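Beneath this line is the structure, given in structure tokens, with notes to follow.
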Amino acid sequence: MNKKIVQVEIRQAKAVNFENKFFVQALRGNSFGEIDRRGKLMIFRLKKSFKISGSRVITSVLAHLKMTGQLIYEKKIGKKVEVVAGGHKLIEKDFDLPNKHTQVIFTFDDRGELFFNDLRRFGYMKLATVEEVQKVLSAFGIEPFTKNFTYENFLAALLKRKVTIKVALLDQKKIAGIGNIYADEVCFCAGVLPTRPVVSLSAAEKKKIFVCITEILKMAIKHRGTTFKDYLDSEGKKGNYTDFLKVFDREGEKCGRCGNLVKKIKSNGRGTHFCPGCQH
DNA sequence: CGGATTGTTCTTCC
DNA sequence: CGGAAGAACAATCC
């Protein structure tokens with residue numbers, strides 16, 4: 001990004017850590033450099049570090065959107081806004097931001113604005129020191145789409161686990177980035193019941209699950225994620241992977257693969273969807 | 001009004 | 001101590 005942040009407006013004090021005053025102090029006049037991601041956590045590296053008490057030095061902003069968070073970048077032009085990505089103007093529309101769900105607004109020196117919106121307010125933006133970032137990052141397991149995501153490493157992550165495959169897939173410490181929706185979809189893709197203990201899986205089933213993780217995530221990203229009601233991407237657009245979901249949120253519907261009715265149960269405190277006909 | 005929703009963290013148990 | 005399981009938490013909607 002590298003644009004200078006000229007203004008930071010915090011509308012919901014609880015959306016950020018530290019006192020609002022400090023949060024603004026650390027970021028005003030600063031700029032975001034590299035932007036990384038680990039699992040579902042985004043890391044905005046700051047161009048200039050910021051010293052706080054006890055020789056601690058803030059170097060990054062950690063952002064988590066949880067279920068209903070949005071980060072939307074827009075630029076006002078007259079009475080319209082243009083939505084910009086990669087330096088290209090995409091669409092013009094009436095501006096509807098900020099809205100009542102807007103938690104934080106960053107204004108940049110080119111008059112572009114980044115809105116952090118969150119209807120249910122589970123998400124956050126946190127200032128973090130090098131040590132805090134390091135600690136947070138080290139807690140994540142293998143990252144799909146990296147060279148570390150090999151079948152051997154996947155098997156090692158599952159090894160000795162006395163949990164169900166769904167719980168294992170959701171465990172960010174083992175494999176980073178899979179949430180409730182895609183855990184169900186991966187299990188369907190592999191033809192394996194989400195409630196199967198990891199130890200009961202055959203080699204062929206484990207291989208299938210491994211392949212399905214990449215397949216499902218790749219498709220989901222291609223279709224810009226799954227929008228139920230609230231999610232919008234950084235361009236303010238809805239994801240349309242909903243149309244491709246095979247079992248999630250399809251309770252009572254006919255399975256596209258075998259025609260049985262999709263079931264929904266509660267497993268480990270989470271809504272869990274599967275087809276009793278073709279998942280075993 | 002209560003249950004459902006999500007990802008993460010805390011608590012408790014063995 | 002560590003893994004597993006379950007509760008708690010954030011806030012809102014239907």
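We name chains A, B, ... following the order of the structure tokens; residues begin at 1 in each chain, and ligands are numbered from 1 as shown.
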Self-check item: Picked from region 10-110 of chain A by DSSP as strand (DSSP E or B), as a ChimeraX atom specification
Solution: /A:10,16,31-38,41-52,56-64,69-77,80-85,88-94,102-108
Practice problem: Find the spatial neighbours of DG6 (chain C), counting only C-alpha atoms (C1' of nucleotides), within a cut-off of 12 Å - ignore same-chain residues fewer than 4 positions away - and output them as a PyMOL selection string. | Solution: (chain A and resi 267-270) or (chain B and resi 10-13)
Quiz item: Between CA of Phe22 (chain A) and CA of Val130 (chain A), what is the spacing in Å?
Solution: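 If I compute the distance from CA of Val130 (chain A) to CA of Phe22 (chain A), I get 17.3 Å.
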Using only C-alpha atoms (C1' of nucleotides), determine which residues of chain A fall within 8 Å of chain C; present them as a short mmCIF file (atom, residue, chain, number, x, y, z; two decimals) with all heavy atoms, in the first residue's frame.
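Produced file selection_12.cif, reproduced below:
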```cif
data_model
loop_
_atom_site.label_atom_id
_atom_site.label_comp_id
_atom_site.auth_asym_id
_atom_site.auth_seq_id
_atom_site.Cartn_x
_atom_site.Cartn_y
_atom_site.Cartn_z
N LEU A 119 -20.68 -6.04 11.49
CA LEU A 119 -22.03 -6.06 12.02
C LEU A 119 -22.08 -6.67 13.42
O LEU A 119 -22.64 -6.10 14.35
CB LEU A 119 -22.93 -6.82 11.05
CG LEU A 119 -24.42 -6.90 11.32
CD1 LEU A 119 -25.17 -6.85 9.99
CD2 LEU A 119 -24.79 -8.19 12.03
N ARG A 120 -21.50 -7.85 13.57
CA ARG A 120 -21.59 -8.51 14.89
C ARG A 120 -20.44 -8.15 15.82
O ARG A 120 -20.37 -8.62 16.94
CB ARG A 120 -21.68 -10.02 14.70
CG ARG A 120 -22.97 -10.36 14.01
CD ARG A 120 -23.55 -11.68 14.37
NE ARG A 120 -24.81 -11.78 13.64
CZ ARG A 120 -25.35 -12.89 13.21
NH1 ARG A 120 -24.74 -14.03 13.43
NH2 ARG A 120 -26.47 -12.90 12.57
N ARG A 121 -19.51 -7.40 15.31
CA ARG A 121 -18.42 -6.88 16.12
C ARG A 121 -17.58 -7.96 16.82
O ARG A 121 -17.18 -7.80 17.97
CB ARG A 121 -18.96 -5.90 17.16
CG ARG A 121 -19.60 -4.70 16.49
CD ARG A 121 -19.51 -3.48 17.36
NE ARG A 121 -20.79 -3.07 17.89
CZ ARG A 121 -20.93 -2.29 18.96
NH1 ARG A 121 -19.89 -1.87 19.61
NH2 ARG A 121 -22.13 -1.95 19.36
N PHE A 122 -17.37 -9.07 16.15
CA PHE A 122 -16.47 -10.08 16.71
C PHE A 122 -15.04 -9.81 16.26
O PHE A 122 -14.09 -10.28 16.86
CB PHE A 122 -16.86 -11.48 16.23
CG PHE A 122 -18.16 -12.00 16.76
CD1 PHE A 122 -18.95 -11.25 17.62
CD2 PHE A 122 -18.60 -13.27 16.41
CE1 PHE A 122 -20.15 -11.74 18.11
CE2 PHE A 122 -19.80 -13.77 16.89
CZ PHE A 122 -20.59 -13.00 17.74
N LYS A 162 -6.74 -37.82 18.66
CA LYS A 162 -7.87 -38.66 19.04
C LYS A 162 -9.18 -37.91 18.85
O LYS A 162 -10.10 -38.02 19.62
CB LYS A 162 -7.73 -39.08 20.51
CG LYS A 162 -6.60 -40.07 20.69
CD LYS A 162 -6.39 -40.42 22.14
CE LYS A 162 -5.25 -41.43 22.24
NZ LYS A 162 -4.54 -41.30 23.52
N VAL A 163 -9.23 -37.14 17.78
CA VAL A 163 -10.41 -36.32 17.52
C VAL A 163 -11.03 -36.71 16.19
O VAL A 163 -10.48 -37.51 15.44
CB VAL A 163 -10.05 -34.82 17.51
CG1 VAL A 163 -9.59 -34.36 18.87
CG2 VAL A 163 -8.98 -34.55 16.45
#
```
Between chain B and chain A, at 12 Å or less, what are the per-residue closest atom pairs and their distances in Å? Count only C-alpha atoms (C1' of nucleotides), order by chain and rising residue number, and return it as a tab-separated table.
```
residue	atom	partner	partner_atom	distance
B:DA4	C1'	A:Gly271	CA	8.8
B:DT5	C1'	A:Met67	CA	8.1
B:DT6	C1'	A:Met67	CA	5.2
B:DG7	C1'	A:Lys66	CA	6.2
B:DT8	C1'	A:Lys66	CA	9.5
```
Quiz item: Which neighbours of Val104 (chain A) fall inside 8 Å, counting only C-alpha atoms (C1' of nucleotides), when residues of the same chain fewer than 3 positions from it are skipped, and could you give them as a VMD selection string?
Solution: chain A and resid 8 to 12 15 115 to 117
Selection from above, C-alpha atoms, as a PDB file, in the first residue's frame, can you write it?
```
ATOM      1  CA  VAL A   8      -7.711   7.383  11.865  1.00  0.00           C
ATOM      2  CA  GLU A   9     -11.244   7.539  13.189  1.00  0.00           C
ATOM      3  CA  ILE A  10     -12.278   4.980  15.767  1.00  0.00           C
ATOM      4  CA  ARG A  11     -16.028   4.721  16.006  1.00  0.00           C
ATOM      5  CA  GLN A  12     -16.145   1.663  18.213  1.00  0.00           C
ATOM      6  CA  ALA A  15     -12.803  -2.794  17.971  1.00  0.00           C
ATOM      7  CA  PHE A 115     -13.398   1.052   6.210  1.00  0.00           C
ATOM      8  CA  PHE A 116     -13.385  -1.661   8.830  1.00  0.00           C
ATOM      9  CA  ASN A 117     -17.036  -2.656   9.211  1.00  0.00           C
TER      10      ASN A 117
END
```
Quiz item: Which of these residues is nearest to Phe106 (chain A), using only C-alpha atoms: A:Ile77, A:Ala139, A:Ile72, A:Ala203?
Solution: A:Ile72
Quiz prompt | Shell around Phe140 (chain A) at 8 Å using only C-alpha atoms (C1' of nucleotides), local window under 5 positions removed, as a PyMOL selection string | solution = chain A and resi 38-39+172-176
Go ahead and write the selection's residues with N, CA, C and O atoms as an mmCIF file, in the first residue's frame.
```cif
data_model
loop_
_atom_site.group_PDB
_atom_site.id
_atom_site.type_symbol
_atom_site.label_atom_id
_atom_site.label_comp_id
_atom_site.auth_asym_id
_atom_site.auth_seq_id
_atom_site.Cartn_x
_atom_site.Cartn_y
_atom_site.Cartn_z
ATOM 1 N N ARG A 38 -1.927 -15.152 7.754
ATOM 2 C CA ARG A 38 -1.664 -16.492 8.277
ATOM 3 C C ARG A 38 -3.005 -17.000 8.760
ATOM 4 O O ARG A 38 -3.638 -16.362 9.619
ATOM 5 N N GLY A 39 -3.451 -18.126 8.194
ATOM 6 C CA GLY A 39 -4.789 -18.592 8.517
ATOM 7 C C GLY A 39 -5.769 -17.492 8.154
ATOM 8 O O GLY A 39 -5.742 -16.959 7.045
ATOM 9 N N GLN A 172 -6.465 -24.759 13.918
ATOM 10 C CA GLN A 172 -5.532 -23.839 13.252
ATOM 11 C C GLN A 172 -4.072 -24.134 13.580
ATOM 12 O O GLN A 172 -3.178 -23.758 12.845
ATOM 13 N N LYS A 173 -3.852 -24.799 14.721
ATOM 14 C CA LYS A 173 -2.476 -25.122 15.114
ATOM 15 C C LYS A 173 -1.899 -26.221 14.237
ATOM 16 O O LYS A 173 -0.680 -26.405 14.170
ATOM 17 N N LYS A 174 -2.757 -26.970 13.587
ATOM 18 C CA LYS A 174 -2.297 -28.065 12.725
ATOM 19 C C LYS A 174 -2.310 -27.651 11.253
ATOM 20 O O LYS A 174 -1.331 -27.766 10.549
ATOM 21 N N ILE A 175 -3.487 -27.201 10.811
ATOM 22 C CA ILE A 175 -3.618 -26.710 9.430
ATOM 23 C C ILE A 175 -4.304 -25.354 9.511
ATOM 24 O O ILE A 175 -5.362 -25.226 10.133
ATOM 25 N N ALA A 176 -3.704 -24.354 8.920
ATOM 26 C CA ALA A 176 -4.225 -22.990 9.060
ATOM 27 C C ALA A 176 -5.248 -22.645 7.990
ATOM 28 O O ALA A 176 -5.075 -22.989 6.824
#
```
For region 146-154 of chain A, find every residue with an atom within 12 Å (counting only C-alpha atoms (C1' of nucleotides)), except residues of its own chain fewer than 4 positions away, and show them as an mmCIF file with N, CA, C and O atoms, in the first residue's frame.
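Generated output (selection-v5.cif):
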```cif
data_model
loop_
_atom_site.group_PDB
_atom_site.id
_atom_site.type_symbol
_atom_site.label_atom_id
_atom_site.label_comp_id
_atom_site.auth_asym_id
_atom_site.auth_seq_id
_atom_site.Cartn_x
_atom_site.Cartn_y
_atom_site.Cartn_z
ATOM 1 N N ARG A 38 -1.927 -15.152 7.754
ATOM 2 C CA ARG A 38 -1.664 -16.492 8.277
ATOM 3 C C ARG A 38 -3.005 -17.000 8.760
ATOM 4 O O ARG A 38 -3.638 -16.362 9.619
ATOM 5 N N GLY A 39 -3.451 -18.126 8.194
ATOM 6 C CA GLY A 39 -4.789 -18.592 8.517
ATOM 7 C C GLY A 39 -5.769 -17.492 8.154
ATOM 8 O O GLY A 39 -5.742 -16.959 7.045
ATOM 9 N N GLY A 141 -0.506 -23.729 12.160
ATOM 10 C CA GLY A 141 0.052 -24.921 11.532
ATOM 11 C C GLY A 141 0.355 -24.726 10.061
ATOM 12 O O GLY A 141 0.557 -23.601 9.610
ATOM 13 N N ILE A 142 0.390 -25.826 9.319
ATOM 14 C CA ILE A 142 0.758 -25.751 7.899
ATOM 15 C C ILE A 142 -0.241 -24.902 7.124
ATOM 16 O O ILE A 142 -1.440 -24.963 7.350
ATOM 17 N N LEU A 158 -2.005 -34.883 11.469
ATOM 18 C CA LEU A 158 -3.131 -35.700 11.943
ATOM 19 C C LEU A 158 -2.687 -36.762 12.947
ATOM 20 O O LEU A 158 -3.477 -37.253 13.747
ATOM 21 N N LEU A 159 -1.431 -37.090 12.865
ATOM 22 C CA LEU A 159 -0.894 -38.194 13.664
ATOM 23 C C LEU A 159 -1.213 -38.065 15.153
ATOM 24 O O LEU A 159 -1.134 -36.997 15.712
ATOM 25 N N ALA A 168 -10.072 -31.928 13.571
ATOM 26 C CA ALA A 168 -8.675 -31.827 13.135
ATOM 27 C C ALA A 168 -8.518 -30.772 12.039
ATOM 28 O O ALA A 168 -7.575 -29.986 12.053
ATOM 29 N N LEU A 169 -9.468 -30.761 11.098
ATOM 30 C CA LEU A 169 -9.394 -29.794 9.994
ATOM 31 C C LEU A 169 -9.547 -28.356 10.493
ATOM 32 O O LEU A 169 -8.964 -27.432 9.935
ATOM 33 N N LYS A 174 -2.757 -26.970 13.587
ATOM 34 C CA LYS A 174 -2.297 -28.065 12.725
ATOM 35 C C LYS A 174 -2.310 -27.651 11.253
ATOM 36 O O LYS A 174 -1.331 -27.766 10.549
ATOM 37 N N ILE A 175 -3.487 -27.201 10.811
ATOM 38 C CA ILE A 175 -3.618 -26.710 9.430
ATOM 39 C C ILE A 175 -4.304 -25.354 9.511
ATOM 40 O O ILE A 175 -5.362 -25.226 10.133
ATOM 41 N N ALA A 176 -3.704 -24.354 8.920
ATOM 42 C CA ALA A 176 -4.225 -22.990 9.060
ATOM 43 C C ALA A 176 -5.248 -22.645 7.990
ATOM 44 O O ALA A 176 -5.075 -22.989 6.824
ATOM 45 N N ALA A 203 -5.842 -45.034 4.499
ATOM 46 C CA ALA A 203 -4.834 -44.238 3.785
ATOM 47 C C ALA A 203 -5.472 -43.536 2.595
ATOM 48 O O ALA A 203 -5.196 -42.366 2.315
ATOM 49 N N ALA A 204 -6.364 -44.249 1.894
ATOM 50 C CA ALA A 204 -7.016 -43.676 0.711
ATOM 51 C C ALA A 204 -7.892 -42.483 1.099
ATOM 52 O O ALA A 204 -7.930 -41.471 0.392
ATOM 53 N N LYS A 206 -7.514 -40.544 3.748
ATOM 54 C CA LYS A 206 -6.661 -39.419 4.152
ATOM 55 C C LYS A 206 -6.104 -38.690 2.929
ATOM 56 O O LYS A 206 -6.050 -37.469 2.882
ATOM 57 N N LYS A 207 -5.721 -39.489 1.952
ATOM 58 C CA LYS A 207 -5.192 -38.906 0.710
ATOM 59 C C LYS A 207 -6.265 -38.038 0.042
ATOM 60 O O LYS A 207 -6.000 -36.938 -0.422
ATOM 61 N N LYS A 208 -7.482 -38.567 0.027
ATOM 62 C CA LYS A 208 -8.599 -37.844 -0.592
ATOM 63 C C LYS A 208 -8.861 -36.520 0.132
ATOM 64 O O LYS A 208 -9.061 -35.480 -0.499
ATOM 65 N N ILE A 209 -8.826 -36.573 1.437
ATOM 66 C CA ILE A 209 -9.050 -35.357 2.229
ATOM 67 C C ILE A 209 -7.969 -34.322 1.929
ATOM 68 O O ILE A 209 -8.253 -33.140 1.721
ATOM 69 N N PHE A 210 -6.737 -34.794 1.858
ATOM 70 C CA PHE A 210 -5.613 -33.899 1.551
ATOM 71 C C PHE A 210 -5.827 -33.188 0.215
ATOM 72 O O PHE A 210 -5.696 -31.971 0.100
ATOM 73 N N VAL A 211 -6.198 -33.965 -0.787
ATOM 74 C CA VAL A 211 -6.433 -33.401 -2.124
ATOM 75 C C VAL A 211 -7.616 -32.428 -2.097
ATOM 76 O O VAL A 211 -7.579 -31.362 -2.706
ATOM 77 N N CYS A 212 -8.658 -32.814 -1.357
ATOM 78 C CA CYS A 212 -9.876 -31.992 -1.301
ATOM 79 C C CYS A 212 -9.646 -30.635 -0.642
ATOM 80 O O CYS A 212 -10.292 -29.653 -1.011
ATOM 81 N N ILE A 213 -8.750 -30.563 0.328
ATOM 82 C CA ILE A 213 -8.480 -29.281 0.998
ATOM 83 C C ILE A 213 -8.063 -28.242 -0.031
ATOM 84 O O ILE A 213 -8.632 -27.148 -0.113
ATOM 85 N N THR A 214 -7.103 -28.590 -0.852
ATOM 86 C CA THR A 214 -6.620 -27.664 -1.877
ATOM 87 C C THR A 214 -7.712 -27.368 -2.893
ATOM 88 O O THR A 214 -7.923 -26.218 -3.292
#
```
Quiz item: Mind checking DSSP for region 100-139 of chain A and telling me the alpha helix (DSSP H) residues as a PyMOL selection string?
Solution: chain A and resi 130-138
Practice problem: Please identify all polymer residues within 9 Å of Glu251 (chain A), counting only C-alpha atoms (C1' of nucleotides), omitting same-chain residues fewer than 4 positions from it, and present them as a list in words. | Solution: Val247, Leu261, Val262, Lys263, Lys264, His273 and Phe274 of chain A
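Between CA of Tyr124 (chain A) and CA of Val61 (chain A) there is a distance of 9.9 Å.
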Exercise. Do a neighbour search on region 188-196 of chain A at 7 Å with only C-alpha atoms (C1' of nucleotides), toss out local chain neighbours closer than 3 positions, and write the hits as a ChimeraX atom specification.
Key: /A:164-166,184-185,200,205,208-209,212,274,278-280
Quiz item: Please, what distance in Å, to one decimal, runs between CA of Thr59 (chain A) and CA of Arg45 (chain A)?
Solution: 6.2 Å
